[in-house]
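Worksheet: one structure, shown below.
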Amino acid sequence: MAGARSRDTLPQGRKLPNADLSQEQTTTVGPSAEELRYEDKLSMCSKLCYGIGGAPNQIANSAISFFLQIYLLDIALITPFHVSLVLFLGKAWGAAADPVACYLINKTKQTKIGQLMPWLLGCTPLIIVTYFLLWYFPFFISARVVWYLTFSCLFQALTTLFQVPYAALTMFLSADQKERDSATAYRMAFEVLGILVGATLQGKMVSSAHTSEHCSQHPTVDGVHSPILQGNSSSVPDLSNARQLYMTAAGVIGGMYFAGIVALYFGVKEKVDPYALKSDQKVPFFKGHKLALKYGPYVKLAAAFLLISTAVQVEQSNLVLFCTHATDLRNHFQILVLLILLSASMSIPFWQWFLNHFGKKSTACGISLMIPSSVMLVIFPIPVVAYVVAFVSGLSIAASLLLPWSMLPDVVDHFRVQNPHSTGHETIFYSSYVFFIKLSAGIGLGVSASSLELTGFKSGMCKQSSSVVIMLKILVGAVPSILILLGLFVLMFYPINEKSRKETKYALQMLRNHPSTASHPENEEITAL
């Protein structure tokens, strides 16, 4: 057959060999273009069910992000140092579970319901149990830290076993980039809505445990620990009620996982890799991770959003503490959290429209909105400013949530073009990304909690020292701003733009229609650009 024409050139100058794509060609391999478009089309019901399936995980993680730190400090009465251990080791354990999840999933054989769905079904009941026990207040005192550390690690590990196959499922819903982007937008809309529901529900149910009236019953006397810190529970009967509120909220949120898994099981169909060739073999586990870590577009994308994700995590985990101990916004924090998440959930369709019309890299400018808003909140901590800042921060958070999951499939497609005979790399890329996100978040949360310990934060106290107030301002204002600036700087060097995305889409379509054009794996080394 004739050599490929110049328009068949793949990204990075690679060409599809032995391809004659002339209009006169009458013999094709595989289904027609019309059939492919029909197969790739996702129904709105499938997209809705896919989005609903991931919402409970975000509801639970939202409650943890906003309230676990203040719960451990003010309700469970654990020292900031031990809180930092619980937060950091929990995230680190979840991060360590990512490569394990990837290895186990890759070893899983295809079943009638797919390769990924069995993991989603198996993890859900265990997640519900561990989430409830994470908020349970044990009556023994000596091993209380061990209790929370154990269930924090278990919950993070189990959610990893859920999140990795759920995220990777994007690649097996459709082979069409626009359909996957649309499914990702539905998913992110429901995940942001889940974050909103989690923070609102948790905040509504436990807000009475952190009100000014609660503090007036337990004043600080010359900086000396009140009976709260001495374990004299008989003198603080309202803490028992506060703990009961937290456990009730945990039971309600945990139960939402059932609705999510039902929607996934009955509404989403996992499809076989449409680009897989009969001779394909899965990338070996360790070799696959080595290739991912050496693959330029992936490294730049992951590094950028590691920094940005850490900034958002630090902002979220310290916002309630900032409103409670560094400003007079104690009675406003529930509305502020609600406004942030409502703004984020409502702006997801806007950012999806923006990235479709102006490109994904251009959409990253929306993340920078958090920088002036967080600084404004620190300088002018009054209700009017706080509400404006909360709305703008929600816009920024929405962009930071949507972009990486919309860009990651492009990286996977780009890798597939360079390595047409490799399979199983989807879970490697997704699990590696989740690993680094959790690890960086754990480090960020651990460092922020340790910073409070160094500045003299006292668990259970309603009035903290001036050094603690300054540290909270730094954690809410300066730290997120610096991390976002660094992340956006790294993202400038991300090589995949709209032009290369179209070239990749065309090249993949050629592989799908003309699998014989791909060179034999024995004659080709796997590329790591």
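Chain lettering (A, B, ...) mirrors the order of the structure tokens, residue numbering begins at 1 for each chain separately, and ligand numbering begins at 1 in order of display.
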Pick out each residue of stretch 63-169 of chain A that DSSP on the backbone tags as helix (DSSP H, G or I); I need them as a PyMOL selection string.
chain A and resi 63-75+80-107+117-134+144-169
Please build the interface table for stretch 376-490 of chain A against stretch 296-312 of chain A with a cut-off of 8 Å, listing for each qualifying residue the nearest atom pair and the distance in Å to one decimal; count only C-alpha atoms, order rows by chain and increasing number, and write it as a tab-separated table.
```
residue	atom	partner	partner_atom	distance
A:Ile397	CA	A:Val312	CA	7.2
A:Ser400	CA	A:Ile308	CA	7.2
A:Pro404	CA	A:Phe305	CA	6.9
A:Leu408	CA	A:Tyr298	CA	7.7
A:Val411	CA	A:Tyr298	CA	6.2
A:Tyr433	CA	A:Ala302	CA	6.3
A:Phe436	CA	A:Leu306	CA	6.7
A:Ile437	CA	A:Leu306	CA	5.4
A:Ser440	CA	A:Thr310	CA	6.0
A:Ala441	CA	A:Thr310	CA	4.9
A:Gly444	CA	A:Thr310	CA	6.0
A:Val479	CA	A:Ala311	CA	6.9
A:Pro480	CA	A:Ala311	CA	4.2
A:Ser481	CA	A:Ala311	CA	7.4
A:Leu483	CA	A:Leu307	CA	5.3
A:Ile484	CA	A:Ile308	CA	5.0
A:Leu486	CA	A:Leu307	CA	6.9
A:Gly487	CA	A:Ala304	CA	4.1
A:Leu488	CA	A:Ala304	CA	6.4
A:Phe489	CA	A:Ala304	CA	7.7
A:Val490	CA	A:Ala304	CA	5.3
```
May I have the residues within 12 Å of A:Arg144 as a PyMOL selection string, using only C-alpha atoms and disregarding those fewer than 2 positions away in the same chain?
chain A and resi 72+76-79+82-83+86+134-142+146-151+231
Residues at most 12 Å from A:Val164, counting only C-alpha atoms, excluding those fewer than 4 positions away in the same chain, as a PyMOL selection string?
chain A and resi 54+57+94-95+97-106+116-117+119-120+123+156-160+168-171+426-435+438
Long-range neighbours of A:Thr200 as a ChimeraX atom specification, 10 Å cut-off, only C-alpha atoms, 5 positions minimum in chain
/A:59,62-63,194-195,205-207,334-335,337-339,341-342
